[in-house]
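A.B. asks: model.txt is the file, holding compact mmCIF, C-alpha atoms:
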# COMPACT_ATOMS: atom_id res chain seq x y z
CA MET A 25 -27.88 -18.70 -40.24
CA ALA A 26 -25.50 -18.97 -37.24
CA ARG A 27 -21.80 -18.96 -37.92
CA PRO A 28 -20.14 -22.32 -37.11
CA LYS A 29 -17.70 -22.41 -34.21
CA ALA A 30 -14.12 -22.28 -35.31
CA PHE A 31 -12.74 -24.13 -32.29
CA ASP A 32 -12.95 -27.49 -30.57
CA GLU A 33 -15.18 -27.01 -27.51
CA ASP A 34 -13.90 -30.17 -25.80
CA ARG A 35 -10.31 -29.01 -26.19
CA ALA A 36 -11.26 -25.64 -24.70
CA VAL A 37 -12.89 -27.35 -21.69
CA ASP A 38 -9.77 -29.49 -21.21
CA ALA A 39 -7.53 -26.42 -21.33
CA ALA A 40 -9.77 -24.58 -18.86
CA MET A 41 -9.76 -27.66 -16.61
CA ARG A 42 -5.97 -27.55 -16.43
CA ALA A 43 -6.01 -23.82 -15.69
CA PHE A 44 -8.53 -24.23 -12.84
CA TRP A 45 -6.64 -27.29 -11.59
CA SER A 46 -3.41 -25.29 -11.40
CA ALA A 47 -4.69 -22.02 -9.93
CA GLY A 48 -8.15 -22.71 -8.51
CA TYR A 49 -11.39 -20.99 -9.39
CA GLU A 50 -10.66 -17.59 -7.87
CA GLY A 51 -7.03 -17.70 -8.97
CA THR A 52 -7.97 -18.22 -12.63
CA SER A 53 -8.91 -14.99 -14.33
CA THR A 54 -10.85 -14.66 -17.54
CA GLN A 55 -7.59 -13.65 -19.19
CA ASP A 56 -5.98 -16.85 -17.88
CA LEU A 57 -8.81 -18.79 -19.50
CA CYS A 58 -8.31 -16.91 -22.76
CA ASP A 59 -4.59 -17.69 -22.65
CA ALA A 60 -5.17 -21.36 -21.78
CA THR A 61 -7.85 -21.99 -24.39
CA GLY A 62 -6.60 -19.66 -27.10
CA LEU A 63 -10.09 -18.15 -27.25
CA GLY A 64 -11.18 -14.56 -26.96
CA ARG A 65 -13.45 -13.39 -24.15
CA SER A 66 -16.46 -13.20 -26.45
CA SER A 67 -15.97 -16.81 -27.61
CA ILE A 68 -15.69 -18.00 -24.01
CA TYR A 69 -18.81 -16.14 -22.88
CA ASN A 70 -20.82 -16.93 -26.03
CA THR A 71 -20.05 -20.63 -25.69
CA PHE A 72 -19.91 -21.16 -21.93
CA THR A 73 -22.09 -18.26 -20.67
CA SER A 74 -19.88 -17.55 -17.65
CA LYS A 75 -16.64 -18.43 -15.93
CA HIS A 76 -18.67 -20.48 -13.45
CA GLU A 77 -20.36 -22.50 -16.21
CA LEU A 78 -16.98 -23.20 -17.80
CA PHE A 79 -15.64 -24.21 -14.39
CA ASP A 80 -18.60 -26.54 -13.85
CA ARG A 81 -17.95 -28.25 -17.19
CA ALA A 82 -14.22 -28.43 -16.46
CA LEU A 83 -14.84 -29.96 -13.02
CA ARG A 84 -17.22 -32.54 -14.48
CA ARG A 85 -14.69 -33.37 -17.21
CA TYR A 86 -11.99 -33.82 -14.57
CA MET A 87 -14.20 -36.11 -12.48
CA SER A 88 -15.21 -38.13 -15.51
CA SER A 89 -11.66 -38.64 -16.75
CA LYS A 90 -10.10 -39.34 -13.35
CA ASN A 91 -12.96 -41.55 -12.19
CA ALA A 92 -12.71 -43.67 -15.33
CA SER A 93 -9.31 -44.97 -14.24
CA ILE A 94 -10.51 -45.42 -10.64
CA PHE A 95 -13.54 -47.47 -11.70
CA GLU A 96 -11.44 -49.45 -14.15
CA VAL A 97 -9.22 -50.53 -11.25
CA LEU A 98 -12.09 -51.17 -8.83
CA ASP A 99 -14.10 -53.14 -11.40
CA GLY A 100 -11.06 -55.17 -12.47
CA ASP A 101 -9.98 -58.66 -11.50
CA LEU A 102 -7.28 -57.75 -8.97
CA PRO A 103 -7.67 -58.75 -5.33
CA ALA A 104 -9.04 -55.93 -3.14
CA ARG A 105 -5.74 -54.97 -1.48
CA ALA A 106 -4.06 -54.84 -4.88
CA LYS A 107 -6.84 -52.56 -6.13
CA ILE A 108 -6.28 -50.16 -3.25
CA ARG A 109 -2.50 -50.36 -3.69
CA THR A 110 -2.99 -49.50 -7.38
CA LEU A 111 -5.12 -46.45 -6.51
CA LEU A 112 -2.45 -45.27 -4.07
CA ARG A 113 0.24 -45.84 -6.73
CA HIS A 114 -1.75 -43.75 -9.21
CA THR A 115 -1.47 -40.90 -6.74
CA ILE A 116 2.28 -41.39 -6.28
CA ASP A 117 2.88 -41.88 -10.02
CA ALA A 118 0.67 -39.05 -11.27
CA PRO A 119 1.48 -38.07 -14.86
CA ALA A 120 4.32 -35.55 -14.94
CA ASP A 121 2.39 -33.24 -17.26
CA ASP A 122 -0.62 -33.04 -14.90
CA PRO A 123 -0.81 -30.11 -12.50
CA ILE A 124 0.13 -31.18 -8.98
CA GLY A 125 -2.77 -31.94 -6.67
CA CYS A 126 -6.41 -32.62 -7.42
CA LEU A 127 -9.12 -30.38 -8.85
CA VAL A 128 -11.76 -32.15 -6.74
CA VAL A 129 -9.83 -31.64 -3.51
CA ASN A 130 -9.03 -28.03 -4.40
CA SER A 131 -12.68 -27.32 -5.28
CA THR A 132 -13.92 -28.99 -2.10
CA VAL A 133 -11.80 -26.63 -0.03
CA GLU A 134 -12.23 -23.50 -2.13
CA LEU A 135 -15.83 -23.60 -3.38
CA ALA A 136 -17.96 -26.25 -1.66
CA PRO A 137 -18.46 -24.25 1.56
CA ARG A 138 -20.02 -21.34 -0.35
CA ASP A 139 -21.32 -22.76 -3.62
CA PRO A 140 -24.23 -25.21 -3.17
CA GLY A 141 -24.15 -26.32 -6.82
CA VAL A 142 -20.47 -27.21 -6.73
CA ALA A 143 -20.94 -28.83 -3.31
CA ALA A 144 -23.73 -31.04 -4.70
CA THR A 145 -21.60 -32.07 -7.69
CA LEU A 146 -18.70 -32.93 -5.39
CA ARG A 147 -20.93 -34.89 -2.99
CA ALA A 148 -22.38 -36.95 -5.84
CA ASP A 149 -18.88 -37.68 -7.12
CA LEU A 150 -17.69 -38.70 -3.66
CA GLU A 151 -20.67 -41.02 -3.19
CA ARG A 152 -19.97 -42.80 -6.49
CA ARG A 153 -16.33 -43.36 -5.53
CA LEU A 154 -17.25 -44.41 -1.99
CA ASP A 155 -19.80 -46.93 -3.26
CA ALA A 156 -17.31 -48.53 -5.64
CA LEU A 157 -14.51 -48.62 -3.08
CA THR A 158 -16.82 -49.94 -0.34
CA ALA A 159 -17.86 -52.79 -2.65
CA ALA A 160 -14.21 -53.65 -3.34
CA ILE A 161 -13.37 -53.57 0.38
CA ARG A 162 -16.35 -55.81 1.22
CA ALA A 163 -15.14 -58.29 -1.39
CA GLY A 164 -11.72 -58.17 0.26
CA GLN A 165 -13.30 -58.78 3.65
CA ARG A 166 -15.17 -61.80 2.30
CA SER A 167 -11.95 -63.21 0.85
CA GLY A 168 -10.06 -62.61 4.10
CA GLU A 169 -7.50 -60.15 2.76
CA ILE A 170 -9.03 -57.14 4.57
CA ASP A 171 -9.97 -57.13 8.25
CA ALA A 172 -13.66 -58.09 8.40
CA GLY A 173 -13.95 -56.53 11.85
CA LYS A 174 -13.67 -53.04 10.40
CA ASP A 175 -16.53 -51.15 8.79
CA ALA A 176 -16.10 -51.24 4.99
CA ARG A 177 -17.59 -47.79 4.43
CA THR A 178 -15.32 -46.27 7.07
CA LEU A 179 -12.30 -47.91 5.41
CA ALA A 180 -13.45 -46.53 2.04
CA HIS A 181 -13.65 -43.03 3.56
CA PHE A 182 -10.19 -43.56 5.02
CA VAL A 183 -8.68 -44.59 1.67
CA ILE A 184 -10.28 -41.69 -0.20
CA THR A 185 -9.18 -39.24 2.49
CA THR A 186 -5.66 -40.67 2.39
CA ILE A 187 -5.50 -40.24 -1.39
CA SER A 188 -6.80 -36.67 -1.06
CA GLY A 189 -4.23 -35.97 1.64
CA MET A 190 -1.46 -37.39 -0.51
CA ARG A 191 -2.47 -35.04 -3.32
CA VAL A 192 -2.42 -32.08 -0.92
CA ALA A 193 0.98 -33.22 0.38
CA ALA A 194 2.31 -33.48 -3.19
CA ARG A 195 1.07 -29.99 -3.96
CA GLY A 196 2.85 -28.83 -0.81
CA GLY A 197 6.12 -30.36 -2.02
CA ALA A 198 6.15 -33.85 -0.51
CA ASP A 199 8.64 -36.08 -2.28
CA ARG A 200 8.04 -39.56 -3.66
CA GLU A 201 9.53 -41.26 -0.60
CA THR A 202 7.07 -39.46 1.68
CA LEU A 203 4.10 -40.36 -0.53
CA GLU A 204 5.20 -44.00 -0.65
CA ALA A 205 5.46 -44.09 3.16
CA ILE A 206 1.91 -42.69 3.45
CA ALA A 207 0.64 -45.35 1.02
CA THR A 208 2.39 -48.14 2.92
CA THR A 209 0.92 -46.93 6.20
CA ALA A 210 -2.57 -46.73 4.68
CA LEU A 211 -2.33 -50.31 3.42
CA SER A 212 -1.26 -51.51 6.88
CA VAL A 213 -4.53 -50.16 8.34
CA LEU A 214 -6.59 -52.51 6.18
Any chance you could put this one into structure tokens?

C.D. replies:
Amino acid sequence: MARPKAFDEDRAVDAAMRAFWSAGYEGTSTQDLCDATGLGRSSIYNTFTSKHELFDRALRRYMSSKNASIFEVLDGDLPARAKIRTLLRHTIDAPADDPIGCLVVNSTVELAPRDPGVAATLRADLERRLDALTAAIRAGQRSGEIDAGKDARTLAHFVITTISGMRVAARGGADRETLEAIATTALSVL
């Protein structure tokens, strides 16, 4: 009979997610994962098979948790501009205990060009967010609060790219005032 696991697998994935989020895939060693999760190497490899498999689960967990708040805003009752303003505010007001930046953005730069599996996961995630944001923008165009002469999908790409850029800027040391100015400029484009 197999011995039961003596640890919470979800908690280990969350801890690994934060480690990868802070240092990136290549910058996170197996020892870093052991330190973050409190697990030994054998427990990590017996449970997750490889660093890459643990990373994949951590990335999916990140996307699931972060996207939940995005979709909650986009599916809510706010007017379209207010929805976009809220998404931009979430970037400015990121939780203080979160690592700075974005695991999706970091992974897109670091791994997507050379890892087809990660690239496919990231593309699928982007498409889901683009679809939801495009729908919100189209609703805003119908209500007259967003310029109907602009392509909704292009505006959705612009908003997502702006949010990604804000996260990169924050990781590079941009202060709150700078992030707020970027958000204000982005809203003026709509």

A.B. asks: Tell me, in Å to one decimal, how far CA of Val129 (chain A) is from CA of Arg84 (chain A).

C.D. replies: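 Straight-line distance from CA of Val129 (chain A) to CA of Arg84 (chain A) works out to 13.3 Å.
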
A.B. asks: Write out as a list in words each polymer residue whose atoms come within 12 Å of Leu135 (chain A), counting all atoms listed in the file; drop sequence neighbours fewer than 3 positions from it.

C.D. replies: Phe44, Gly48, Tyr49, Glu50, Gly51, His76, Phe79, Asp80, Leu83, Leu127, Val128, Val129, Asn130, Ser131, Thr132, Arg138, Asp139, Pro140, Gly141, Val142, Ala143, Ala144, Thr145 and Leu146 of chain A

A.B. asks: Around all of region 156-162 of chain A's listed atoms, make the axis-aligned box with 8 Å on each side and tell me centre and edge lengths in Å to one decimal, as lines of an AutoDock Vina configuration file.

C.D. replies:
center_x = -15.6
center_y = -52.2
center_z = -2.2
size_x = 20.5
size_y = 23.3
size_z = 22.9

A.B. asks: What's the 9 Å shell around Ala176 (chain A), counting only C-alpha atoms, without same-chain residues fewer than 6 positions away, as a list of chain:residue names?

C.D. replies: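 My reading of the contact set: A:Leu157, A:Thr158, A:Ala159, A:Ala160, A:Ile161, A:Arg162, A:Gln165.
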
A.B. asks: Output as JSON lines one row per residue of region 176-212 of chain A within 12 Å of region 98-106 of chain A: the closest atom pair and its distance in Å to one decimal place, counting all atoms listed in the file, sorted by chain and residue number ascending.

C.D. replies:
{"residue": "A:Ala176", "atom": "CA", "partner": "A:Ala104", "partner_atom": "CA", "distance": 11.7}
{"residue": "A:Leu179", "atom": "CA", "partner": "A:Arg105", "partner_atom": "CA", "distance": 11.8}
{"residue": "A:Ala180", "atom": "CA", "partner": "A:Ala104", "partner_atom": "CA", "distance": 11.6}
{"residue": "A:Val183", "atom": "CA", "partner": "A:Arg105", "partner_atom": "CA", "distance": 11.2}
{"residue": "A:Ala207", "atom": "CA", "partner": "A:Arg105", "partner_atom": "CA", "distance": 11.8}
{"residue": "A:Thr208", "atom": "CA", "partner": "A:Arg105", "partner_atom": "CA", "distance": 11.5}
{"residue": "A:Ala210", "atom": "CA", "partner": "A:Arg105", "partner_atom": "CA", "distance": 10.8}
{"residue": "A:Leu211", "atom": "CA", "partner": "A:Arg105", "partner_atom": "CA", "distance": 7.6}
{"residue": "A:Ser212", "atom": "CA", "partner": "A:Arg105", "partner_atom": "CA", "distance": 10.1}

A.B. asks: Each residue of region 67-165 of chain A with at least one atom at most 9 Å from region 33-42 of chain A should appear once, together with its nearest atom pair and the corresponding distance in Å (one decimal); atoms considered: all atoms listed in the file; ordering: chain, then increasing residue number; output as JSON lines.

C.D. replies:
{"residue": "A:Ile68", "atom": "CA", "partner": "A:Ala36", "partner_atom": "CA", "distance": 8.9}
{"residue": "A:Thr71", "atom": "CA", "partner": "A:Glu33", "partner_atom": "CA", "distance": 8.2}
{"residue": "A:Leu78", "atom": "CA", "partner": "A:Val37", "partner_atom": "CA", "distance": 7.0}
{"residue": "A:Phe79", "atom": "CA", "partner": "A:Met41", "partner_atom": "CA", "distance": 7.2}
{"residue": "A:Arg81", "atom": "CA", "partner": "A:Val37", "partner_atom": "CA", "distance": 6.8}
{"residue": "A:Ala82", "atom": "CA", "partner": "A:Met41", "partner_atom": "CA", "distance": 4.5}
{"residue": "A:Leu83", "atom": "CA", "partner": "A:Met41", "partner_atom": "CA", "distance": 6.6}
{"residue": "A:Arg85", "atom": "CA", "partner": "A:Asp38", "partner_atom": "CA", "distance": 7.4}
{"residue": "A:Tyr86", "atom": "CA", "partner": "A:Met41", "partner_atom": "CA", "distance": 6.9}
{"residue": "A:Asp122", "atom": "CA", "partner": "A:Arg42", "partner_atom": "CA", "distance": 7.8}
{"residue": "A:Pro123", "atom": "CA", "partner": "A:Arg42", "partner_atom": "CA", "distance": 7.0}
{"residue": "A:Leu127", "atom": "CA", "partner": "A:Met41", "partner_atom": "CA", "distance": 8.2}

A.B. asks: Report, in Å to a single decimal, how far apart CA of Phe95 (chain A) and CA of Asp155 (chain A) are.

C.D. replies: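 Those two atoms sit 10.5 Å apart.
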
A.B. asks: Can you tell me how far CA of Thr54 (chain A) sits from CA of Lys75 (chain A), in Å to one decimal?

C.D. replies: 7.1 Å

A.B. asks: For each of A:Val192, A:Met87, A:Ile170, A:Ala43, take the minimum atom-to-atom distance to Ile108 (chain A), counting all atoms listed in the file, then give the residue where this is smallest.

C.D. replies: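 Ranking A:Val192, A:Met87, A:Ile170, A:Ala43 by distance to Ile108 (chain A), first place goes to A:Ile170.
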
A.B. asks: A:Gly168, A:Gly125, A:Pro137, A:Gly173: which is nearest Gly197 (chain A), counting all atoms listed in the file?

C.D. replies: A:Gly125

A.B. asks: Would you mind telling me which residue in A:Ala120, A:Ala148, A:Val133, A:Leu111 lies nearest to Met190 (chain A) when using all atoms listed in the file?

C.D. replies: A:Leu111

A.B. asks: Find the residue from A:Ser89, A:Ile116, A:Val97, A:Asp121 that sits nearest to Ala194 (chain A); use only C-alpha atoms when measuring.

C.D. replies: A:Ile116

A.B. asks: Which residue out of A:Lys174, A:Arg153, A:Lys90, A:Arg109 has the minimum interatomic distance to Ile206 (chain A) when all atoms listed in the file are used?

C.D. replies: A:Arg109

A.B. asks: Would you mind completing region 49-60 of chain A to all heavy atoms and writing the output as a tab-separated table (two decimals), keeping the file's coordinate frame?

C.D. replies:
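The resulting file, out-v1.tsv, is shown below:
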chain	number	residue	atom	x	y	z
A	49	TYR	N	-10.35	-21.78	-8.75
A	49	TYR	CA	-11.39	-20.99	-9.39
A	49	TYR	C	-11.09	-19.49	-9.28
A	49	TYR	O	-11.04	-18.78	-10.28
A	49	TYR	CB	-12.76	-21.30	-8.78
A	49	TYR	CG	-13.88	-20.52	-9.42
A	49	TYR	CD1	-14.39	-20.91	-10.64
A	49	TYR	CD2	-14.41	-19.39	-8.80
A	49	TYR	CE1	-15.41	-20.19	-11.25
A	49	TYR	CE2	-15.44	-18.67	-9.40
A	49	TYR	CZ	-15.93	-19.07	-10.61
A	49	TYR	OH	-16.93	-18.36	-11.22
A	50	GLU	N	-10.91	-19.03	-8.07
A	50	GLU	CA	-10.66	-17.59	-7.87
A	50	GLU	C	-9.33	-17.16	-8.48
A	50	GLU	O	-9.21	-16.04	-8.95
A	50	GLU	CB	-10.70	-17.24	-6.37
A	50	GLU	CG	-12.06	-17.40	-5.73
A	50	GLU	CD	-13.11	-16.47	-6.30
A	50	GLU	OE1	-12.77	-15.38	-6.81
A	50	GLU	OE2	-14.30	-16.84	-6.25
A	51	GLY	N	-8.35	-18.04	-8.45
A	51	GLY	CA	-7.03	-17.70	-8.97
A	51	GLY	C	-6.92	-17.72	-10.48
A	51	GLY	O	-5.89	-17.35	-11.04
A	52	THR	N	-7.96	-18.16	-11.16
A	52	THR	CA	-7.97	-18.22	-12.63
A	52	THR	C	-8.83	-17.09	-13.15
A	52	THR	O	-10.04	-17.08	-12.97
A	52	THR	CB	-8.52	-19.58	-13.11
A	52	THR	OG1	-7.75	-20.63	-12.54
A	52	THR	CG2	-8.45	-19.68	-14.63
A	53	SER	N	-8.19	-16.14	-13.78
A	53	SER	CA	-8.91	-14.99	-14.33
A	53	SER	C	-9.47	-15.33	-15.71
A	53	SER	O	-9.08	-16.34	-16.32
A	53	SER	CB	-7.97	-13.79	-14.45
A	53	SER	OG	-6.99	-14.04	-15.45
A	54	THR	N	-10.34	-14.49	-16.18
A	54	THR	CA	-10.85	-14.66	-17.54
A	54	THR	C	-9.70	-14.60	-18.54
A	54	THR	O	-9.67	-15.37	-19.50
A	54	THR	CB	-11.92	-13.61	-17.86
A	54	THR	OG1	-12.96	-13.70	-16.89
A	54	THR	CG2	-12.51	-13.82	-19.24
A	55	GLN	N	-8.74	-13.73	-18.29
A	55	GLN	CA	-7.59	-13.65	-19.19
A	55	GLN	C	-6.79	-14.95	-19.16
A	55	GLN	O	-6.31	-15.41	-20.18
A	55	GLN	CB	-6.68	-12.46	-18.83
A	55	GLN	CG	-5.55	-12.25	-19.84
A	55	GLN	CD	-6.06	-12.06	-21.27
A	55	GLN	OE1	-6.92	-11.22	-21.52
A	55	GLN	NE2	-5.54	-12.85	-22.20
A	56	ASP	N	-6.65	-15.55	-17.97
A	56	ASP	CA	-5.98	-16.85	-17.88
A	56	ASP	C	-6.70	-17.89	-18.73
A	56	ASP	O	-6.06	-18.71	-19.39
A	56	ASP	CB	-5.93	-17.34	-16.43
A	56	ASP	CG	-5.06	-16.48	-15.52
A	56	ASP	OD1	-4.11	-15.85	-16.01
A	56	ASP	OD2	-5.37	-16.44	-14.30
A	57	LEU	N	-8.03	-17.85	-18.69
A	57	LEU	CA	-8.81	-18.79	-19.50
A	57	LEU	C	-8.63	-18.53	-20.99
A	57	LEU	O	-8.54	-19.47	-21.78
A	57	LEU	CB	-10.28	-18.73	-19.10
A	57	LEU	CG	-10.58	-19.24	-17.69
A	57	LEU	CD1	-12.02	-18.93	-17.30
A	57	LEU	CD2	-10.31	-20.74	-17.58
A	58	CYS	N	-8.57	-17.26	-21.36
A	58	CYS	CA	-8.31	-16.91	-22.76
A	58	CYS	C	-6.94	-17.44	-23.18
A	58	CYS	O	-6.81	-18.05	-24.26
A	58	CYS	CB	-8.37	-15.39	-22.96
A	58	CYS	SG	-10.01	-14.68	-22.79
A	59	ASP	N	-5.94	-17.23	-22.33
A	59	ASP	CA	-4.59	-17.69	-22.65
A	59	ASP	C	-4.54	-19.22	-22.74
A	59	ASP	O	-3.90	-19.77	-23.63
A	59	ASP	CB	-3.60	-17.21	-21.58
A	59	ASP	CG	-3.41	-15.70	-21.57
A	59	ASP	OD1	-3.79	-15.02	-22.55
A	59	ASP	OD2	-2.90	-15.19	-20.55
A	60	ALA	N	-5.20	-19.89	-21.81
A	60	ALA	CA	-5.17	-21.36	-21.78
A	60	ALA	C	-5.89	-21.97	-22.97
A	60	ALA	O	-5.43	-22.96	-23.55
A	60	ALA	CB	-5.79	-21.87	-20.48
